[in-house]
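Novice: You'll find query-v9.txt just under this line, and it carries compact mmCIF, N, CA and C atoms.
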```txt
# COMPACT_ATOMS: atom_id res chain seq x y z
N MET A 1 41.07 -20.38 41.88
CA MET A 1 40.83 -21.63 42.55
C MET A 1 39.33 -21.86 42.58
N SER A 2 38.90 -23.09 42.22
CA SER A 2 37.48 -23.38 42.20
C SER A 2 36.99 -23.72 43.60
N ASN A 3 35.66 -23.75 43.77
CA ASN A 3 35.09 -24.06 45.08
C ASN A 3 35.44 -25.46 45.54
N GLY A 4 35.53 -26.42 44.59
CA GLY A 4 35.89 -27.78 44.93
C GLY A 4 37.28 -27.86 45.54
N GLU A 5 38.24 -27.18 44.91
CA GLU A 5 39.60 -27.17 45.44
C GLU A 5 39.66 -26.48 46.79
N ASN A 6 38.91 -25.39 46.95
CA ASN A 6 38.87 -24.66 48.20
C ASN A 6 38.32 -25.52 49.31
N THR A 7 37.28 -26.31 49.02
CA THR A 7 36.67 -27.20 50.01
C THR A 7 37.67 -28.27 50.44
N VAL A 8 38.40 -28.84 49.48
CA VAL A 8 39.40 -29.86 49.80
C VAL A 8 40.51 -29.25 50.66
N ASP A 9 41.01 -28.09 50.29
CA ASP A 9 42.06 -27.43 51.07
C ASP A 9 41.59 -27.14 52.49
N THR A 10 40.37 -26.67 52.63
CA THR A 10 39.81 -26.38 53.96
C THR A 10 39.68 -27.64 54.77
N GLN A 11 39.20 -28.71 54.14
CA GLN A 11 39.05 -29.99 54.84
C GLN A 11 40.41 -30.52 55.29
N GLN A 12 41.42 -30.42 54.42
CA GLN A 12 42.76 -30.88 54.79
C GLN A 12 43.32 -30.06 55.96
N LEU A 13 43.09 -28.76 55.95
CA LEU A 13 43.55 -27.90 57.04
C LEU A 13 42.88 -28.29 58.35
N LEU A 14 41.57 -28.53 58.31
CA LEU A 14 40.85 -28.92 59.53
C LEU A 14 41.36 -30.27 60.05
N GLU A 15 41.62 -31.22 59.15
CA GLU A 15 42.14 -32.53 59.58
C GLU A 15 43.53 -32.38 60.21
N ARG A 16 44.38 -31.54 59.62
CA ARG A 16 45.72 -31.31 60.15
C ARG A 16 45.65 -30.68 61.54
N LEU A 17 44.75 -29.71 61.72
CA LEU A 17 44.60 -29.08 63.03
C LEU A 17 44.07 -30.08 64.05
N ALA A 18 43.14 -30.96 63.63
CA ALA A 18 42.58 -31.94 64.55
C ALA A 18 43.64 -32.95 64.98
N ARG A 19 44.51 -33.38 64.06
CA ARG A 19 45.58 -34.32 64.40
C ARG A 19 46.63 -33.69 65.31
N GLY A 20 46.96 -32.43 65.05
CA GLY A 20 48.01 -31.76 65.80
C GLY A 20 47.56 -31.26 67.16
N GLY A 21 46.28 -31.18 67.37
CA GLY A 21 45.77 -30.67 68.63
C GLY A 21 46.03 -29.18 68.76
N SER A 22 46.02 -28.71 69.98
CA SER A 22 46.16 -27.27 70.21
C SER A 22 47.59 -26.78 70.04
N GLN A 23 48.57 -27.70 69.97
CA GLN A 23 49.96 -27.29 69.83
C GLN A 23 50.22 -26.64 68.48
N GLU A 24 49.58 -27.15 67.42
CA GLU A 24 49.80 -26.59 66.08
C GLU A 24 48.84 -25.45 65.76
N ALA A 25 47.78 -25.34 66.51
CA ALA A 25 46.79 -24.30 66.24
C ALA A 25 47.27 -22.99 66.81
N GLY A 26 47.75 -22.10 65.96
CA GLY A 26 48.20 -20.79 66.40
C GLY A 26 47.36 -19.72 65.75
N GLU A 27 47.47 -18.54 66.26
CA GLU A 27 46.71 -17.44 65.68
C GLU A 27 47.45 -16.94 64.44
N VAL A 28 46.70 -16.76 63.36
CA VAL A 28 47.28 -16.30 62.11
C VAL A 28 46.51 -15.08 61.65
N SER A 29 47.24 -14.02 61.27
CA SER A 29 46.62 -12.82 60.75
C SER A 29 47.11 -12.57 59.34
N VAL A 30 46.21 -12.18 58.48
CA VAL A 30 46.57 -11.89 57.10
C VAL A 30 46.00 -10.53 56.73
N VAL A 31 46.84 -9.68 56.15
CA VAL A 31 46.40 -8.38 55.65
C VAL A 31 46.56 -8.41 54.14
N ALA A 32 45.49 -8.12 53.44
CA ALA A 32 45.55 -8.12 51.98
C ALA A 32 45.12 -6.77 51.45
N SER A 33 45.77 -6.35 50.39
CA SER A 33 45.44 -5.09 49.75
C SER A 33 45.49 -5.31 48.24
N PRO A 34 44.50 -4.84 47.50
CA PRO A 34 44.52 -5.02 46.06
C PRO A 34 45.79 -4.42 45.46
N GLY A 35 46.51 -5.22 44.72
CA GLY A 35 47.72 -4.72 44.09
C GLY A 35 48.87 -4.55 45.06
N ALA A 36 48.72 -5.02 46.29
CA ALA A 36 49.75 -4.92 47.32
C ALA A 36 50.24 -3.49 47.49
N ARG A 37 49.32 -2.54 47.44
CA ARG A 37 49.67 -1.13 47.60
C ARG A 37 48.88 -0.54 48.75
N THR A 38 49.32 0.63 49.17
CA THR A 38 48.59 1.35 50.19
C THR A 38 47.24 1.77 49.63
N SER A 39 46.17 1.63 50.40
CA SER A 39 44.85 2.00 49.91
C SER A 39 44.50 3.44 50.24
N ALA A 40 45.26 4.08 51.10
CA ALA A 40 45.03 5.49 51.44
C ALA A 40 46.37 6.12 51.76
N TRP A 41 46.51 7.39 51.44
CA TRP A 41 47.76 8.08 51.73
C TRP A 41 47.50 9.55 51.95
N ALA A 42 48.44 10.21 52.60
CA ALA A 42 48.33 11.64 52.89
C ALA A 42 48.66 12.44 51.64
N VAL A 43 47.89 13.52 51.41
CA VAL A 43 48.12 14.39 50.27
C VAL A 43 48.00 15.85 50.69
N LYS A 44 48.57 16.71 49.86
CA LYS A 44 48.47 18.15 50.06
C LYS A 44 47.77 18.74 48.84
N VAL A 45 46.77 19.58 49.08
CA VAL A 45 46.04 20.23 47.99
C VAL A 45 46.94 21.30 47.37
N LYS A 46 47.15 21.20 46.06
CA LYS A 46 48.01 22.15 45.36
C LYS A 46 47.20 23.25 44.67
N SER A 47 46.05 22.88 44.08
CA SER A 47 45.21 23.87 43.40
C SER A 47 43.86 23.26 43.06
N LEU A 48 42.93 24.13 42.72
CA LEU A 48 41.61 23.70 42.27
C LEU A 48 41.68 23.45 40.77
N SER A 49 41.15 22.32 40.33
CA SER A 49 41.10 22.02 38.90
C SER A 49 39.78 22.53 38.33
N SER A 50 38.68 21.99 38.81
CA SER A 50 37.35 22.46 38.44
C SER A 50 36.32 21.80 39.34
N TYR A 51 35.19 22.50 39.55
CA TYR A 51 34.14 22.02 40.44
C TYR A 51 34.73 21.60 41.78
N ASN A 52 34.59 20.32 42.16
CA ASN A 52 35.16 19.83 43.41
C ASN A 52 36.36 18.90 43.15
N VAL A 53 37.01 19.10 42.02
CA VAL A 53 38.19 18.32 41.64
C VAL A 53 39.44 19.17 41.88
N TYR A 54 40.39 18.60 42.62
CA TYR A 54 41.60 19.32 43.00
C TYR A 54 42.84 18.62 42.47
N ASN A 55 43.90 19.41 42.25
CA ASN A 55 45.23 18.87 41.98
C ASN A 55 45.89 18.67 43.33
N VAL A 56 46.34 17.45 43.59
CA VAL A 56 46.96 17.12 44.88
C VAL A 56 48.30 16.44 44.64
N ARG A 57 49.08 16.37 45.70
CA ARG A 57 50.37 15.70 45.62
C ARG A 57 50.57 14.91 46.91
N ALA A 58 51.03 13.67 46.79
CA ALA A 58 51.26 12.83 47.97
C ALA A 58 52.37 13.42 48.83
N VAL A 59 52.25 13.22 50.14
CA VAL A 59 53.27 13.68 51.07
C VAL A 59 53.69 12.53 51.98
N GLU A 60 54.93 12.60 52.42
CA GLU A 60 55.44 11.64 53.39
C GLU A 60 55.51 12.35 54.73
N ILE A 61 54.86 11.78 55.72
CA ILE A 61 54.82 12.36 57.05
C ILE A 61 56.07 11.92 57.81
N GLY A 62 56.79 12.87 58.37
CA GLY A 62 58.02 12.57 59.11
C GLY A 62 57.80 12.58 60.60
N ASP A 63 58.86 12.82 61.33
CA ASP A 63 58.79 12.88 62.80
C ASP A 63 58.01 14.11 63.25
N ALA A 64 57.56 14.07 64.48
CA ALA A 64 56.84 15.21 65.05
C ALA A 64 57.73 16.45 64.98
N GLY A 65 57.13 17.56 64.61
CA GLY A 65 57.86 18.81 64.51
C GLY A 65 58.53 19.04 63.16
N SER A 66 58.36 18.09 62.23
CA SER A 66 58.93 18.27 60.90
C SER A 66 57.81 18.41 59.88
N LEU A 67 58.08 19.15 58.82
CA LEU A 67 57.08 19.37 57.77
C LEU A 67 56.97 18.14 56.87
N PRO A 68 55.77 17.83 56.39
CA PRO A 68 55.62 16.73 55.43
C PRO A 68 56.40 17.04 54.14
N VAL A 69 56.95 16.01 53.53
CA VAL A 69 57.73 16.16 52.30
C VAL A 69 56.88 15.69 51.13
N GLU A 70 56.74 16.54 50.10
CA GLU A 70 55.99 16.16 48.91
C GLU A 70 56.76 15.12 48.12
N ILE A 71 56.04 14.10 47.64
CA ILE A 71 56.66 13.04 46.85
C ILE A 71 55.80 12.78 45.62
N GLY A 72 56.40 12.29 44.57
CA GLY A 72 55.66 11.94 43.36
C GLY A 72 55.14 13.16 42.63
N GLY A 73 54.37 12.89 41.59
CA GLY A 73 53.80 13.96 40.78
C GLY A 73 52.39 14.32 41.22
N GLN A 74 51.88 15.38 40.63
CA GLN A 74 50.51 15.80 40.94
C GLN A 74 49.51 14.84 40.31
N MET A 75 48.38 14.71 40.96
CA MET A 75 47.26 13.92 40.45
C MET A 75 45.98 14.64 40.81
N GLN A 76 44.89 14.22 40.26
CA GLN A 76 43.61 14.85 40.56
C GLN A 76 42.80 13.97 41.50
N ALA A 77 42.05 14.64 42.37
CA ALA A 77 41.20 13.94 43.33
C ALA A 77 39.94 14.74 43.57
N VAL A 78 38.86 14.04 43.85
CA VAL A 78 37.55 14.65 44.07
C VAL A 78 37.33 14.81 45.57
N ASN A 79 36.89 16.01 45.99
CA ASN A 79 36.56 16.26 47.39
C ASN A 79 35.08 15.92 47.61
N LEU A 80 34.83 14.86 48.34
CA LEU A 80 33.45 14.41 48.57
C LEU A 80 32.69 15.30 49.54
N ALA A 81 33.36 16.21 50.23
CA ALA A 81 32.71 17.10 51.19
C ALA A 81 32.08 18.31 50.51
N GLU A 82 32.33 18.49 49.23
CA GLU A 82 31.81 19.65 48.51
C GLU A 82 30.83 19.21 47.42
N SER A 83 30.00 20.15 47.00
CA SER A 83 29.01 19.89 45.96
C SER A 83 29.71 19.49 44.65
N PHE A 84 29.11 18.57 43.94
CA PHE A 84 29.63 18.15 42.64
C PHE A 84 29.28 19.18 41.57
N LEU A 85 28.38 20.11 41.88
CA LEU A 85 27.94 21.09 40.90
C LEU A 85 28.50 22.49 41.14
N GLY A 86 29.07 22.74 42.32
CA GLY A 86 29.58 24.06 42.66
C GLY A 86 31.10 24.13 42.54
N THR A 87 31.61 25.35 42.66
CA THR A 87 33.06 25.55 42.62
C THR A 87 33.64 25.24 43.99
N GLY A 88 34.73 24.48 44.02
CA GLY A 88 35.38 24.09 45.26
C GLY A 88 35.95 25.29 46.01
N GLN A 89 35.93 25.23 47.34
CA GLN A 89 36.39 26.33 48.19
C GLN A 89 37.53 25.93 49.12
N LEU A 90 38.11 24.75 48.93
CA LEU A 90 39.15 24.27 49.82
C LEU A 90 40.46 25.04 49.60
N PRO A 91 41.07 25.57 50.67
CA PRO A 91 42.30 26.35 50.51
C PRO A 91 43.49 25.51 50.05
N THR A 92 44.32 26.11 49.22
CA THR A 92 45.57 25.48 48.80
C THR A 92 46.42 25.25 50.04
N GLY A 93 47.13 24.12 50.07
CA GLY A 93 47.98 23.80 51.21
C GLY A 93 47.30 22.93 52.25
N THR A 94 46.01 22.61 52.06
CA THR A 94 45.29 21.75 52.99
C THR A 94 45.83 20.33 52.89
N PHE A 95 46.03 19.67 54.03
CA PHE A 95 46.45 18.28 54.07
C PHE A 95 45.23 17.41 54.36
N THR A 96 45.16 16.26 53.71
CA THR A 96 44.05 15.34 53.91
C THR A 96 44.51 13.93 53.56
N VAL A 97 43.62 12.96 53.73
CA VAL A 97 43.91 11.58 53.38
C VAL A 97 43.10 11.22 52.14
N MET A 98 43.77 10.68 51.14
CA MET A 98 43.13 10.34 49.86
C MET A 98 43.08 8.83 49.69
N SER A 99 42.00 8.35 49.09
CA SER A 99 41.84 6.93 48.78
C SER A 99 41.51 6.78 47.30
N LYS A 100 41.70 5.60 46.79
CA LYS A 100 41.33 5.30 45.41
C LYS A 100 40.02 4.51 45.45
N VAL A 101 39.02 5.00 44.73
CA VAL A 101 37.73 4.33 44.63
C VAL A 101 37.46 4.11 43.15
N GLY A 102 37.53 2.88 42.72
CA GLY A 102 37.41 2.59 41.29
C GLY A 102 38.57 3.22 40.56
N SER A 103 38.26 4.05 39.60
CA SER A 103 39.33 4.73 38.83
C SER A 103 39.57 6.16 39.31
N LYS A 104 38.89 6.58 40.38
CA LYS A 104 39.00 7.97 40.87
C LYS A 104 39.69 8.03 42.22
N ASN A 105 40.44 9.11 42.43
CA ASN A 105 41.01 9.42 43.74
C ASN A 105 40.00 10.31 44.45
N VAL A 106 39.72 10.01 45.72
CA VAL A 106 38.76 10.80 46.48
C VAL A 106 39.31 11.12 47.87
N PHE A 107 38.83 12.23 48.42
CA PHE A 107 39.13 12.59 49.80
C PHE A 107 37.94 13.35 50.36
N TYR A 108 37.93 13.56 51.67
CA TYR A 108 36.84 14.29 52.33
C TYR A 108 37.47 15.34 53.22
N ALA A 109 37.33 16.60 52.82
CA ALA A 109 37.87 17.72 53.61
C ALA A 109 36.91 18.90 53.50
N LYS A 110 36.43 19.37 54.64
CA LYS A 110 35.53 20.54 54.64
C LYS A 110 36.34 21.82 54.51
N PRO A 111 35.83 22.75 53.71
CA PRO A 111 36.53 24.04 53.55
C PRO A 111 36.44 24.88 54.83
```
Turn the structure described in the file into structure tokens.
Specialist:
Amino acid sequence: MSNGENTVDTQQLLERLARGGSQEAGEVSVVASPGARTSAWAVKVKSLSSYNVYNVRAVEIGDAGSLPVEIGGQMQAVNLAESFLGTGQLPTGTFTVMSKVGSKNVFYAKP
């Protein structure tokens, strides 16, 4: 949509709200996510790949007192809490939250 069309749409919306008064003006919330997907999810560290890159697997968190269930296949993710030049020290089985940044999966977990 070009800026001209956006300006017209905005102007029409403002005119409609002005005509309708406070009766039509309601609170509206919009949540947007690129690709309509979750931007962060829980994962379990399966193994060290190299440096600070780990093999991880997504988990589904259940009710309190139940173990998380692994879902999907393994993927690689970078631990931002560790040096990019050293060998990773994060224990296998660690749970953390992973996000996608550009083309890389990243998480932050201290060993």
Novice: What is the CA of Pro111 (chain A) to CA of Glu82 (chain A) distance in Å?
Specialist: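 These two atoms are separated by 8.2 Å.
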Novice: Quick check, in Å to one decimal: how far apart do CA of Gly73 (chain A) and CA of Val45 (chain A) lie?
Specialist: 12.3 Å
Novice: I'd like the interatomic distance between CA of Trp41 (chain A) and atom C of Thr87 (chain A), to a tenth of an Å.
Specialist: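 Spanning CA of Trp41 (chain A) to atom C of Thr87 (chain A) is a straight-line distance of 23.5 Å.
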Novice: Near Asn105 (chain A), counting all atoms listed in the file, which residues have an atom at most 8 Å away, once you skip same-chain residues fewer than 6 positions from it, shown as a ChimeraX atom specification?
Specialist: /A:75-80,98-99
Novice: Please determine, counting only C-alpha atoms, which residue among A:Ser103, A:Ser83, A:Thr96, A:Gln12 has the shortest atom-to-atom distance to Asn52 (chain A).
Specialist: A:Ser83
Novice: For Leu90 (chain A), which residue out of A:Ala64, A:Val59, A:Val106, A:Leu48 is the nearest one, using all atoms listed in the file?
Specialist: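 Ranked by minimum distance to Leu90 (chain A), first place goes to A:Leu48.
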Novice: Could you check the closest approach to Lys100 (chain A) for each of A:Ile61, A:Leu13, A:Val53, A:Ala40 and tell me which residue wins, using all atoms listed in the file?
Specialist: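 Comparing A:Ile61, A:Leu13, A:Val53, A:Ala40 against Lys100 (chain A), the winner is A:Ala40.
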Novice: Could you list, as a PyMOL selection string, every residue within 7 Å of Tyr51 (chain A), counting only C-alpha atoms and ignoring same-chain residues fewer than 4 positions away?
Specialist: chain A and resi 84-88
Novice: Quick one: of A:Gly65, A:Asp9, A:Ala18, A:Val43, who's nearest to Phe95 (chain A), counting only C-alpha atoms?
Specialist: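 Among A:Gly65, A:Asp9, A:Ala18, A:Val43, it is A:Val43 that comes nearest to Phe95 (chain A).
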Novice: Calculated over only C-alpha atoms, which of the candidates A:Ser66, A:Asn55, A:Ser50, A:Gln11 has the smallest distance to Gly93 (chain A)?
Specialist: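 Among A:Ser66, A:Asn55, A:Ser50, A:Gln11, it is A:Asn55 that comes nearest to Gly93 (chain A).
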Novice: Lys46 (chain A): which residues within 9 Å, counting only C-alpha atoms, same-chain residues fewer than 3 positions away excluded, as a PyMOL selection string?
Specialist: chain A and resi 54-57+74+91-94
Novice: How about completing region 68-79 of chain A with all heavy atoms and giving it to me as a CSV table (one decimal), keeping the file's coordinate frame?
Specialist:
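Generated output (part.csv):
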```csv
chain,number,residue,atom,x,y,z
A,68,PRO,N,55.8,17.8,56.4
A,68,PRO,CA,55.6,16.7,55.4
A,68,PRO,C,56.4,17.0,54.1
A,68,PRO,O,56.5,18.2,53.7
A,68,PRO,CB,54.1,16.7,55.2
A,68,PRO,CG,53.5,17.4,56.3
A,68,PRO,CD,54.5,18.4,56.8
A,69,VAL,N,57.0,16.0,53.5
A,69,VAL,CA,57.7,16.2,52.3
A,69,VAL,C,56.9,15.7,51.1
A,69,VAL,O,56.4,14.6,51.1
A,69,VAL,CB,59.0,15.3,52.4
A,69,VAL,CG1,59.8,15.4,51.1
A,69,VAL,CG2,59.9,15.8,53.6
A,70,GLU,N,56.7,16.5,50.1
A,70,GLU,CA,56.0,16.2,48.9
A,70,GLU,C,56.8,15.1,48.1
A,70,GLU,O,58.0,15.2,47.9
A,70,GLU,CB,55.7,17.4,48.0
A,70,GLU,CG,54.8,18.4,48.7
A,70,GLU,CD,54.5,19.6,47.9
A,70,GLU,OE1,54.9,19.6,46.7
A,70,GLU,OE2,54.0,20.6,48.4
A,71,ILE,N,56.0,14.1,47.6
A,71,ILE,CA,56.7,13.0,46.8
A,71,ILE,C,55.8,12.8,45.6
A,71,ILE,O,54.6,13.0,45.6
A,71,ILE,CB,56.8,11.7,47.7
A,71,ILE,CG1,55.5,11.3,48.2
A,71,ILE,CG2,57.9,11.9,48.8
A,71,ILE,CD1,55.6,9.9,48.9
A,72,GLY,N,56.4,12.3,44.6
A,72,GLY,CA,55.7,11.9,43.4
A,72,GLY,C,55.1,13.2,42.6
A,72,GLY,O,55.4,14.3,43.0
A,73,GLY,N,54.4,12.9,41.6
A,73,GLY,CA,53.8,14.0,40.8
A,73,GLY,C,52.4,14.3,41.2
A,73,GLY,O,51.8,13.6,42.1
A,74,GLN,N,51.9,15.4,40.6
A,74,GLN,CA,50.5,15.8,40.9
A,74,GLN,C,49.5,14.8,40.3
A,74,GLN,O,49.8,14.2,39.3
A,74,GLN,CB,50.3,17.2,40.4
A,74,GLN,CG,50.8,18.3,41.3
A,74,GLN,CD,50.3,19.7,40.9
A,74,GLN,OE1,49.3,19.8,40.3
A,74,GLN,NE2,51.1,20.7,41.2
A,75,MET,N,48.4,14.7,41.0
A,75,MET,CA,47.3,13.9,40.4
A,75,MET,C,46.0,14.6,40.8
A,75,MET,O,46.0,15.6,41.6
A,75,MET,CB,47.3,12.5,41.0
A,75,MET,CG,47.2,12.5,42.5
A,75,MET,SD,47.7,10.9,43.2
A,75,MET,CE,49.3,11.3,43.8
A,76,GLN,N,44.9,14.2,40.3
A,76,GLN,CA,43.6,14.8,40.6
A,76,GLN,C,42.8,14.0,41.5
A,76,GLN,O,42.9,12.8,41.4
A,76,GLN,CB,42.8,15.1,39.3
A,76,GLN,CG,43.5,16.2,38.4
A,76,GLN,CD,42.6,16.6,37.3
A,76,GLN,OE1,41.7,15.9,36.8
A,76,GLN,NE2,42.7,17.9,36.9
A,77,ALA,N,42.0,14.6,42.4
A,77,ALA,CA,41.2,13.9,43.3
A,77,ALA,C,39.9,14.7,43.6
A,77,ALA,O,39.9,16.0,43.5
A,77,ALA,CB,41.9,13.7,44.6
A,78,VAL,N,38.9,14.0,43.8
A,78,VAL,CA,37.6,14.6,44.1
A,78,VAL,C,37.3,14.8,45.6
A,78,VAL,O,37.5,13.9,46.3
A,78,VAL,CB,36.4,13.7,43.5
A,78,VAL,CG1,35.1,14.3,43.8
A,78,VAL,CG2,36.6,13.6,42.0
A,79,ASN,N,36.9,16.0,46.0
A,79,ASN,CA,36.6,16.3,47.4
A,79,ASN,C,35.1,15.9,47.6
A,79,ASN,O,34.2,16.6,47.1
A,79,ASN,CB,36.8,17.7,47.8
A,79,ASN,CG,36.6,18.0,49.3
A,79,ASN,OD1,36.3,17.1,50.0
A,79,ASN,ND2,36.8,19.2,49.7
```
